[in-house]
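Some notes on the structure that comes next.
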There are 2 protein chains.
Amino acid sequence: MDPWTRDLAHRLAVARGERPADLVLRGGRVLSVFTGELLELDVAVAGEHVAGLGRYRGEREEDVSGLVLLPGFIDGHMHLESTKLRPDAFAAAVLPHGTTSAVLDPHEIANVFGARGIRALLAAADRLPFDLYAMVPSCVPASPFESSGATLSAEDVEALLRHEPRAIGLAEMMDVPAVVRGDRAALAKLAAAHRTTGGHVDGHAPGLAGPALNAYLAAGVRSDHECTTPEEALEKRRLGMWIMIREGSAARNLEALLPLVLEHGPANCLLCTDDREPDQLLEEGHLDDVLRRAVALGCPPADAVAMATLHPARYHRLHEHGAVAPGYLADVVAVPDLEGFRPVRVWKRGRLVASDGEVVGLPEVPLPDWMRGSVRVPPLSADDFLLAAEGSVRVIGVVPGQIVTGALVAEPTQRDGRAVADPARDLAKAAVVERHRGTGRIGLGFVAGFGLRRGALASTHAHDAHNLVVVGVDDADMAAAVNHLARLGGGQVAVLRGRVLADLPCPYGGLLSDEGPREVARRARELERAARALGVTLPAPFMAMSFLALSVVPELKLTDRGLVDVARSELVPLGAT
Amino acid sequence: MDPWTRDLAHRLAVARGERPADLVLRGGRVLSVFTGELLELDVAVAGEHVAGLGRYRGEREEDVSGLVLLPGFIDGHMHLESTKLRPDAFAAAVLPHGTTSAVLDPHEIANVFGARGIRALLAAADRLPFDLYAMVPSCVPASPFESSGATLSAEDVEALLRHEPRAIGLAEMMDVPAVVRGDRAALAKLAAAHRTTGGHVDGHAPGLAGPALNAYLAAGVRSDHECTTPEEALEKRRLGMWIMIREGSAARNLEALLPLVLEHGPANCLLCTDDREPDQLLEEGHLDDVLRRAVALGCPPADAVAMATLHPARYHRLHEHGAVAPGYLADVVAVPDLEGFRPVRVWKRGRLVASDGEVVGLPEVPLPDWMRGSVRVPPLSADDFLLAAEGSVRVIGVVPGQIVTGALVAEPTQRDGRAVADPARDLAKAAVVERHRGTGRIGLGFVAGFGLRRGALASTHAHDAHNLVVVGVDDADMAAAVNHLARLGGGQVAVLRGRVLADLPCPYGGLLSDEGPREVARRARELERAARALGVTLPAPFMAMSFLALSVVPELKLTDRGLVDVARSELVPLGAT
């Protein structure tokens with residue numbers, strides 16, 4: 001008998017009551033996501049599955065009286081790289097919050113390492129009591145103006161979807177115009193998804209409406225996590241889109257979109273986090289935080305839970321996930337009530353993984369060593385940041401809390417025939433250093449809005465190509481910051497007078513730390529403090545920096561090739577005419 | 001560019017409004033199954049798909065003002081053989097009623113021909129503007145007491161699921177005890193479904209509850225169409241089962257189960273017909289009839305429609321079915337209102353297939369000739385039906401409208417040392433003649449409850465092995481009826497004094513006619529009349545006959561091997577002790 005069948009035979013014997021369960025959760029109330037009822041039934045677990053709900057005895061029995069048992073939460077759309085955590089550290093961060101599965105878009109690591117980066121993340125998941133799945137990134141690189149470390153062709157997409165069991169669909173089609181126009185490369189990726197998955201394709205369609213929205217849907221895209229108003233979400237839902245209600249660190253849409261759920265019910269809606277920073281994960285939580293907010297905003301608790309469990313499972317065709325019911329995976333979250341959603345215990349595939357907010361017995365799963373040392377930059381000096389500009393220049397205007405930027409014009413201060421940063425006018429220098437191939441190519445420009453008065457900040461988190469972005473008011477500090485990150489193999493740093501004030505090393509691809517969630521969060525907070533000490537007034541300055549190079553989001557961006565006018569989709573000179 | 005991509009590129013151009021649609025349905029209101037709203041939008045069709053909803057122009061435009069546009073109806077569980085219609089004739093019968101897709105359990109044809117019978121049905125569907133899918137029969141033969149024409153092993157099941165695109169899962173696991181016990185053969189079929197489909201398995205679980213229900217679900221079974229009370233359905237639904245609300249010819253559960261929908265909403269519920277007779281298809285309709293009844297019973301129309309469209313599509317993982325929305329198949333039903341549900345026009349994959357109750361341009365698709373001539377019985381005479389019994393005998397007691405039978409005991413009338421039928425006491429003879437291999441094996445017994453006073457009735461519709469069943473009060477007429485069906489290659493017949501009063505030839509496997517739906521319905525009605533003329537008082541006598549040999553349903557049944565006591569699961573002698 002093969003292992004699958006042997007496991008099933010055991011499960012049946014347990015369900016019949018003829019053999020003790022491996023584990024019985026006794027005395028709680030089970031929320032049925034199929035009816036919204038609370039059932040006063042014990043949960044019998046056999047192997048990784050629920051065998052039955054009813055009266056059962058077990059080899060082990062846990063008293064969960066007074067608790068409500070929910071299915072493990074499933075994040076239907078998120079980027080691991082935003083947390084800066086390895087898969088094992090991410091699991092450690094969110095399992096105590098009840099999240100037991102996540103569908104990643106490993107877009108960032110793919111821009112650095114391509115398909116093998118995705119495979120490495122998913123392989124790590126094989127050794128964790130946590131289900132990671134991936135939608136395969138659809139837009140690597142994001143634009144021709146960015147120098148990414150790798151590309152993903154339609155052939156790469158198809159190979160991943162065909163051979164990697166955890167790769168379940170095509171990730172957010174961010175290049176909306178290419179889909180709507182029917183560009184050959186976009187069609188080839190859609191065809192690959194069609195052949196391998198029958199067409200499971202995530203969307204990313206802020207503000208899309210009318211004929212373009214119809215075309216986007218006609219291409220087979222079936223979800224969107226970029227709605228910002230209930231009217232937009234309703235137009236999309238009535239046409240068949242699954243509305244992913246996002247509550248991330250920066251982009252928070254729950255309060256705005258909840259009226260859709262209250263008015264039309266929770267069908268075709270699910271909750272996701274998209275991007276959450278490590279300190280937020282620890283302090284506010286993950287999907288438990290989203291559930292708390294939803295219920296506080298008036299959402300019926302059973303609807304909220306369905307949107308964080310059964311609905312993402314159904315949307316993603318994960319047929320054994322999303323319910324505490326016989327034949328489903330034994331992913332169970334025990335909470336005292338349906339308001340606080342503060343997990344007392346969490347089981348993943350039948351195994352206790354978190355208790356009273358602490359993770360239990362999670363293995364350490366390092367990523368492979370070849371993912372280190374990916375930041376290849378020759379040593380830089382202050383001279384590399386000199387700018388010889390006269391007259392007016394283009395200036396990127398950062399907008400607090402937004403990933404769009406303004407395109408400003410200013411007359412920079414001149415010193416020794418050079419255009420220099422001027423803290424008094426909140427004009428800093430920005431540079432993007434190509435870091436995948438060691439070319440030393442640098443794009444230079446000016447940025448306004450950080451409030452930086454001293455030193456420099458640098459990061460290898462720089463969507464989507466993840467080159468090295470640095471913002472500073474002192475050329476020597478900019479060089480020092482870059483050189484420090486090159487030594488670390490990537491991460492984030494704040495530098496003053498050549499001295500590192502704080503850093504967060506991300507040696508894996510320049511994106512992921514090899515520390516645990518607490519240490520990563522601590523370092524992230526120290527970086528934030530250091531930025532404030534340097535005068536920064538902009539909230540979340542490292543996040544703002546991470547979008548300076550994203551040459552597909554308006555208005556003016558900077559890549560290693562120079563300034564990009566996104567609307568015109570072309571490189572533009574520093575000098576403004 | 002491959003055809004799929006070329007089609008998609010065309011669809012996108014239409015959706016963008018840059019190219020005229022192949023067809024525009026203008027001026028109607030579209031029911032969104034995702035929100036329940038009626039949308040005043042035109043429907044643009046490109047190829048087989050909806051390209052967009054909005055304002056569009058088309059090469060052809062149809063005025064549907066005043067009409068409501070619904071997705072094509074999907075029967076989530078049915079047996080084609082109950083209709084006695086070939087796939088083309090079935091499509092002709094139900095397309096005017098708005099059904100554009102059906103998921104078959106081709107259990108009957110599989111008992112005659114095995115896997116190649118299933119492949120033949122599905123191949124016919126390739127040439128029709130109608131989507132037929134099959135769940136692969138899980139119990140062929142149904143019991144060791146029946147001599148079927150073929151068997152389906154776990155290997156056969158796996159081969160069909162792996163290589164036949166229209167085979168999408170494992171059909172109703174009727175042998176509930178085998179699943180619950182974890183019998184090796186049942187586990188092997190479940191494993192085959194797991195390997196090929198990730199586990200898509202229909203159930204059949206009348207009255208199942210408690211630990212046995214848990215075990216059945218733990219095995220991965222996810223639907224049931226045998227609920228008869230809302231309490232039963234609620235217990236199953238809360239544990240994750242999809243409740244298929246069946247409204248067939250004999251078994252009608254809609255009225256009883258609708259309270260579940262009214263109280264807990266339509267989620268996890270869908271409508272199906274299971275078994276509908278050909279005359280009922282024409283006179284009452286198909287899923288349109290079920291929708292009418294549901295709304296008349298108080299079901300919100302949008303919920304009823306969702307249960308006949310989006311829900312069966314989602315349950316069966318038919319991701320392009322079940323909605324009128326961009327990217328979905330252009331299966332559209334235009335009705336004047338959401339009470340009568342009387343389709344004015346029906347489009348299948350963008351093509352007009354029915355108008356004002358008449359099918360339009362449907363091709364004739366005969367089944368292959370090797371499916372004929374499957375009834376192999378040597379010529380019989382009256383002597384073959386002689387019964388030499390003394391004293392009390394077991395008698396099958398038919399129950400009007402039920403497939404269960406009673407086990408009675410009677411002292412038969414004796415003549416010339418033989419036990420004979422006695423119309424005055426409503427005691428008829430019954431025989432089941434092995435007909436697949438020409439063995440001439442006959443099981444003989446008595447049956448009460450038909451009210452037959454003259455002649456004989458015979459049929460090769462005899463669940464599940466589909467041997468030849470004959471009921472008569474005259475041995476010579478019984479022989480004549482058998483011999484007539486042998487000549488026809490199967491079907492149904494009524495005989496009096498050696499003369500055929502009425503018949504319905506079913507040359508394909510003894511199960512399917514080669515006539516159109518009207519002719520089949522006419523012959524069915526004539527057979528019914530002929531049965532009345534012979535004195536029959538039992539409603540639907542041929543249906544009752546078709547269950548006389550079903551040796552898995554209590555209480556006393558007759559197969560070609562003799563009488564079967566179903567509870568004891570053994571052959572028993574005619575004489576009652």
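In the structure tokens, chains take the letters A, B, ... in the order shown, each chain's residues start at 1, and ligands count up from 1 in the order shown.
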Residue list for chain A near chain B as a PyMOL selection string, 8 Å, only C-alpha atoms:
chain A and resi 4-5+8-9+11-17+32-35+37+50-54+180-182+187-188+191+198+210-212+214-220+237-240+264+267-268+319+323+325-328
Selected residues written out, N, CA and C atoms, as a compact mmCIF listing (two decimals), in the first residue's frame:
# COMPACT_ATOMS: atom_id res chain seq x y z
N TRP A 4 0.13 7.31 0.61
CA TRP A 4 -1.11 8.08 0.57
C TRP A 4 -2.30 7.20 0.97
N THR A 5 -2.33 6.00 0.42
CA THR A 5 -3.44 5.10 0.71
C THR A 5 -3.40 4.62 2.17
N LEU A 8 -4.76 7.30 4.21
CA LEU A 8 -6.21 7.38 4.08
C LEU A 8 -6.90 6.28 4.88
N ALA A 9 -6.35 5.07 4.81
CA ALA A 9 -6.95 3.95 5.55
C ALA A 9 -6.95 4.25 7.05
N ARG A 11 -6.95 7.25 8.40
CA ARG A 11 -7.91 8.33 8.62
C ARG A 11 -9.34 7.78 8.70
N LEU A 12 -9.64 6.82 7.82
CA LEU A 12 -10.98 6.23 7.82
C LEU A 12 -11.24 5.47 9.12
N ALA A 13 -10.24 4.73 9.58
CA ALA A 13 -10.41 3.97 10.81
C ALA A 13 -10.67 4.92 11.98
N VAL A 14 -9.96 6.05 11.98
CA VAL A 14 -10.18 7.05 13.03
C VAL A 14 -11.58 7.63 12.90
N ALA A 15 -11.97 7.98 11.68
CA ALA A 15 -13.28 8.60 11.47
C ALA A 15 -14.40 7.67 11.91
N ARG A 16 -14.23 6.37 11.64
CA ARG A 16 -15.24 5.39 12.06
C ARG A 16 -15.29 5.23 13.56
N GLY A 17 -14.23 5.68 14.24
CA GLY A 17 -14.16 5.51 15.69
C GLY A 17 -13.56 4.19 16.09
N SER A 32 -18.06 26.39 11.31
CA SER A 32 -18.21 25.84 9.96
C SER A 32 -18.22 26.98 8.96
N VAL A 33 -17.22 26.99 8.09
CA VAL A 33 -17.19 28.06 7.07
C VAL A 33 -18.22 27.80 5.97
N PHE A 34 -18.89 26.66 6.04
CA PHE A 34 -19.89 26.33 5.01
C PHE A 34 -21.28 26.82 5.39
N THR A 35 -21.49 27.05 6.69
CA THR A 35 -22.81 27.51 7.14
C THR A 35 -22.71 28.70 8.09
N GLU A 37 -22.09 28.39 11.18
CA GLU A 37 -22.50 27.93 12.51
C GLU A 37 -21.28 27.63 13.40
N VAL A 50 -8.03 16.34 9.10
CA VAL A 50 -9.15 16.12 10.01
C VAL A 50 -9.84 14.83 9.57
N ALA A 51 -10.05 13.93 10.53
CA ALA A 51 -10.75 12.69 10.21
C ALA A 51 -12.23 12.82 10.47
N GLY A 52 -12.59 13.53 11.53
CA GLY A 52 -14.01 13.64 11.81
C GLY A 52 -14.29 14.69 12.85
N LEU A 53 -15.53 15.17 12.85
CA LEU A 53 -16.03 16.05 13.89
C LEU A 53 -17.11 15.28 14.64
N GLY A 54 -17.01 15.22 15.95
CA GLY A 54 -18.01 14.48 16.72
C GLY A 54 -17.44 14.11 18.07
N VAL A 180 -3.89 44.12 -22.03
CA VAL A 180 -5.03 44.70 -22.73
C VAL A 180 -4.74 44.80 -24.23
N ARG A 181 -3.53 45.22 -24.57
CA ARG A 181 -3.15 45.31 -25.99
C ARG A 181 -2.98 43.95 -26.62
N GLY A 182 -2.71 42.93 -25.79
CA GLY A 182 -2.45 41.61 -26.33
C GLY A 182 -1.03 41.47 -26.87
N LEU A 187 0.71 37.40 -24.04
CA LEU A 187 -0.13 36.28 -24.51
C LEU A 187 0.58 34.96 -24.30
N ALA A 188 1.88 34.94 -24.53
CA ALA A 188 2.63 33.69 -24.38
C ALA A 188 2.59 33.21 -22.93
N ALA A 191 -0.87 31.90 -22.25
CA ALA A 191 -1.03 30.58 -22.88
C ALA A 191 -0.34 29.50 -22.04
N GLY A 198 -5.01 25.37 -16.62
CA GLY A 198 -6.36 25.69 -17.06
C GLY A 198 -6.67 27.17 -16.90
N GLY A 210 -14.13 49.92 -17.60
CA GLY A 210 -14.58 50.03 -18.98
C GLY A 210 -13.98 48.97 -19.88
N PRO A 211 -13.79 49.33 -21.16
CA PRO A 211 -13.30 48.34 -22.14
C PRO A 211 -11.95 47.72 -21.75
N ALA A 212 -11.07 48.52 -21.16
CA ALA A 212 -9.77 47.96 -20.78
C ALA A 212 -9.94 46.89 -19.70
N ASN A 214 -12.62 45.07 -19.28
CA ASN A 214 -13.19 43.91 -19.97
C ASN A 214 -12.10 43.10 -20.67
N ALA A 215 -11.19 43.79 -21.33
CA ALA A 215 -10.13 43.08 -22.03
C ALA A 215 -9.24 42.32 -21.05
N TYR A 216 -8.93 42.99 -19.96
CA TYR A 216 -8.08 42.37 -18.94
C TYR A 216 -8.73 41.08 -18.43
N LEU A 217 -10.04 41.13 -18.20
CA LEU A 217 -10.77 39.95 -17.75
C LEU A 217 -10.91 38.92 -18.86
N ALA A 218 -11.13 39.40 -20.08
CA ALA A 218 -11.27 38.48 -21.21
C ALA A 218 -10.00 37.66 -21.40
N ALA A 219 -8.88 38.20 -20.92
CA ALA A 219 -7.61 37.47 -21.01
C ALA A 219 -7.53 36.35 -19.98
N GLY A 220 -8.50 36.30 -19.07
CA GLY A 220 -8.52 35.22 -18.10
C GLY A 220 -8.04 35.62 -16.72
N ARG A 237 -16.16 42.97 -9.30
CA ARG A 237 -16.77 41.73 -8.81
C ARG A 237 -17.93 41.28 -9.69
N ARG A 238 -18.75 42.19 -10.12
CA ARG A 238 -19.90 41.78 -10.91
C ARG A 238 -19.46 41.18 -12.25
N LEU A 239 -18.27 41.52 -12.67
CA LEU A 239 -17.73 40.92 -13.90
C LEU A 239 -16.95 39.64 -13.62
N GLY A 240 -16.93 39.21 -12.37
CA GLY A 240 -16.35 37.91 -12.07
C GLY A 240 -15.02 37.93 -11.33
N HIS A 264 -23.20 43.22 -0.37
CA HIS A 264 -23.39 42.14 -1.34
C HIS A 264 -22.93 40.78 -0.82
N ALA A 267 -19.18 36.67 -0.85
CA ALA A 267 -18.81 35.80 -1.98
C ALA A 267 -17.82 36.53 -2.89
N ASN A 268 -16.89 35.77 -3.43
CA ASN A 268 -15.88 36.32 -4.35
C ASN A 268 -14.98 37.37 -3.71
N HIS A 319 -7.82 22.49 -2.74
CA HIS A 319 -9.08 21.84 -2.38
C HIS A 319 -9.08 21.21 -1.00
N ALA A 323 -10.92 24.84 5.62
CA ALA A 323 -12.05 24.45 6.47
C ALA A 323 -11.58 23.47 7.53
N ALA A 325 -12.91 20.43 8.64
CA ALA A 325 -13.95 19.47 8.24
C ALA A 325 -13.25 18.18 7.80
N PRO A 326 -13.96 17.06 7.90
CA PRO A 326 -13.31 15.79 7.55
C PRO A 326 -12.79 15.79 6.12
N GLY A 327 -11.57 15.33 5.94
CA GLY A 327 -10.96 15.30 4.62
C GLY A 327 -10.15 16.54 4.32
N TYR A 328 -10.31 17.58 5.12
CA TYR A 328 -9.51 18.79 4.96
C TYR A 328 -8.24 18.67 5.81
Residues near segment 482-487 of chain B, anyone? I mean within 10 Å using only C-alpha atoms, not counting same-chain ones fewer than 3 positions away, as a PyMOL selection string.
chain B and resi 373-381+431-433+435+456-460+468-470+476-479+490-495+498-500+503-507+510
Could you state the separation of atom CA of Glu61 of chain A and atom CA of Ala354 of chain A in Å, given to one decimal place?
16.4 Å
Quick check for you: according to DSSP on this backbone, which residues of segment 139-371 of chain A are classed as strand (DSSP E)? Reply as number ranges by chain.
A: 167-170, 223-224, 242-246, 269-272, 332-335, 345-348, 351-355, 358-359
I need the residues in segment 454-502 of chain B that are helix (DSSP H, G or I) according to DSSP; give them as an NGL selection string.
:B and (475-488)
Selection from above, all heavy atoms, as a CSV table (one decimal), in the first residue's frame, can you write it?
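Below is the file that was written, result.csv:
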chain,number,residue,atom,x,y,z
B,475,ASP,N,-46.3,-17.1,-19.5
B,475,ASP,CA,-45.0,-17.5,-19.9
B,475,ASP,C,-44.6,-17.3,-21.3
B,475,ASP,O,-43.5,-16.9,-21.7
B,475,ASP,CB,-44.8,-19.0,-19.5
B,475,ASP,CG,-44.8,-19.2,-18.0
B,475,ASP,OD1,-44.8,-18.2,-17.2
B,475,ASP,OD2,-44.9,-20.4,-17.6
B,476,ALA,N,-45.6,-17.6,-22.2
B,476,ALA,CA,-45.4,-17.4,-23.7
B,476,ALA,C,-45.1,-15.9,-24.0
B,476,ALA,O,-44.3,-15.6,-24.8
B,476,ALA,CB,-46.5,-18.0,-24.5
B,477,ASP,N,-45.9,-15.1,-23.4
B,477,ASP,CA,-45.7,-13.6,-23.6
B,477,ASP,C,-44.4,-13.2,-23.1
B,477,ASP,O,-43.7,-12.3,-23.6
B,477,ASP,CB,-46.9,-12.8,-23.0
B,477,ASP,CG,-48.1,-12.9,-23.8
B,477,ASP,OD1,-48.0,-13.3,-25.0
B,477,ASP,OD2,-49.2,-12.5,-23.4
B,478,MET,N,-44.0,-13.7,-21.9
B,478,MET,CA,-42.6,-13.4,-21.4
B,478,MET,C,-41.6,-13.7,-22.4
B,478,MET,O,-40.6,-13.0,-22.7
B,478,MET,CB,-42.4,-14.1,-20.0
B,478,MET,CG,-43.3,-13.5,-18.9
B,478,MET,SD,-43.1,-14.4,-17.3
B,478,MET,CE,-41.6,-13.7,-16.7
B,479,ALA,N,-41.7,-15.0,-23.0
B,479,ALA,CA,-40.7,-15.4,-24.0
B,479,ALA,C,-40.7,-14.5,-25.2
B,479,ALA,O,-39.7,-14.1,-25.7
B,479,ALA,CB,-40.9,-16.8,-24.4
B,480,ALA,N,-42.0,-14.1,-25.6
B,480,ALA,CA,-42.1,-13.3,-26.8
B,480,ALA,C,-41.5,-11.9,-26.6
B,480,ALA,O,-40.8,-11.3,-27.4
B,480,ALA,CB,-43.6,-13.1,-27.2
B,481,ALA,N,-41.7,-11.4,-25.4
B,481,ALA,CA,-41.1,-10.1,-25.0
B,481,ALA,C,-39.6,-10.1,-25.1
B,481,ALA,O,-38.9,-9.2,-25.6
B,481,ALA,CB,-41.6,-9.6,-23.7
B,482,VAL,N,-39.0,-11.2,-24.5
B,482,VAL,CA,-37.6,-11.3,-24.5
B,482,VAL,C,-37.1,-11.4,-25.9
B,482,VAL,O,-36.1,-10.7,-26.3
B,482,VAL,CB,-37.1,-12.5,-23.6
B,482,VAL,CG1,-35.7,-12.8,-23.8
B,482,VAL,CG2,-37.5,-12.3,-22.2
B,483,ASN,N,-37.7,-12.3,-26.7
B,483,ASN,CA,-37.2,-12.5,-28.0
B,483,ASN,C,-37.3,-11.2,-28.9
B,483,ASN,O,-36.5,-10.9,-29.7
B,483,ASN,CB,-38.0,-13.6,-28.7
B,483,ASN,CG,-37.7,-15.0,-28.0
B,483,ASN,OD1,-36.7,-15.1,-27.3
B,483,ASN,ND2,-38.7,-15.9,-28.1
B,484,HIS,N,-38.4,-10.4,-28.6
B,484,HIS,CA,-38.5,-9.2,-29.4
B,484,HIS,C,-37.4,-8.2,-29.0
B,484,HIS,O,-36.7,-7.6,-29.9
B,484,HIS,CB,-39.9,-8.5,-29.0
B,484,HIS,CG,-40.1,-7.3,-29.8
B,484,HIS,ND1,-40.3,-7.2,-31.2
B,484,HIS,CD2,-40.1,-5.9,-29.4
B,484,HIS,CE1,-40.5,-6.0,-31.6
B,484,HIS,NE2,-40.4,-5.2,-30.6
B,485,LEU,N,-37.0,-8.1,-27.7
B,485,LEU,CA,-35.9,-7.2,-27.4
B,485,LEU,C,-34.6,-7.7,-27.9
B,485,LEU,O,-33.7,-6.9,-28.3
B,485,LEU,CB,-35.9,-7.0,-25.8
B,485,LEU,CG,-37.0,-6.2,-25.2
B,485,LEU,CD1,-36.7,-5.9,-23.7
B,485,LEU,CD2,-37.2,-4.9,-26.0
B,486,ALA,N,-34.5,-9.0,-27.9
B,486,ALA,CA,-33.2,-9.6,-28.5
B,486,ALA,C,-33.1,-9.1,-30.0
B,486,ALA,O,-32.0,-8.8,-30.4
B,486,ALA,CB,-33.2,-11.1,-28.3
B,487,ARG,N,-34.2,-9.2,-30.7
B,487,ARG,CA,-34.2,-8.8,-32.1
B,487,ARG,C,-33.9,-7.3,-32.2
B,487,ARG,O,-33.1,-6.9,-33.1
B,487,ARG,CB,-35.6,-9.1,-32.7
B,487,ARG,CG,-35.7,-10.5,-33.3
B,487,ARG,CD,-36.9,-10.7,-34.2
B,487,ARG,NE,-38.2,-10.3,-33.5
B,487,ARG,CZ,-38.8,-11.2,-32.7
B,487,ARG,NH1,-38.4,-12.5,-32.5
B,487,ARG,NH2,-40.0,-10.9,-32.1
B,488,LEU,N,-34.5,-6.5,-31.3
B,488,LEU,CA,-34.3,-5.0,-31.4
B,488,LEU,C,-32.8,-4.6,-31.0
B,488,LEU,O,-32.4,-3.5,-31.3
B,488,LEU,CB,-35.2,-4.3,-30.5
B,488,LEU,CG,-36.7,-4.3,-30.8
B,488,LEU,CD1,-37.5,-3.4,-29.8
B,488,LEU,CD2,-36.9,-3.7,-32.2
In Å, how far is it from atom CA of Ala410 of chain B to atom CA of Val393 of chain B?
5.6 Å
A:Asp331, A:Glu146, A:Glu247, A:Glu570 ranked by distance to His466 of chain A, top pick (using only C-alpha atoms)
A:Glu146
What does the structure give for the distance between atom CA of Gly445 of chain B and atom CA of Ala178 of chain B, in Å to one decimal?
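Those two atoms sit 28.8 Å apart.
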Residue contacts of Arg162 of chain B (12 Å, only C-alpha atoms) excluding same-chain residues fewer than 6 positions away, as a list of chain:residue names:
B:Val136, B:Glu155, B:Asp156, B:Ile168, B:Gly169, B:Leu170, B:Ala192, B:Ala193, B:His194, B:Arg195, B:Thr196, B:Thr197, B:Gly198
Tell me, as a list in words, which residues lie within 10 Å of Phe547 of chain A, counting only C-alpha atoms; anything in the same chain fewer than 3 positions away does not count.
Val398, Gln402, Ile403, Val404, Thr405, His461, Ala462, His463, Asp464, His466, Val469, Phe542, Met543, Ala544, Leu550, Ser551, Val552, Val553, Lys557 and Leu558 of chain A
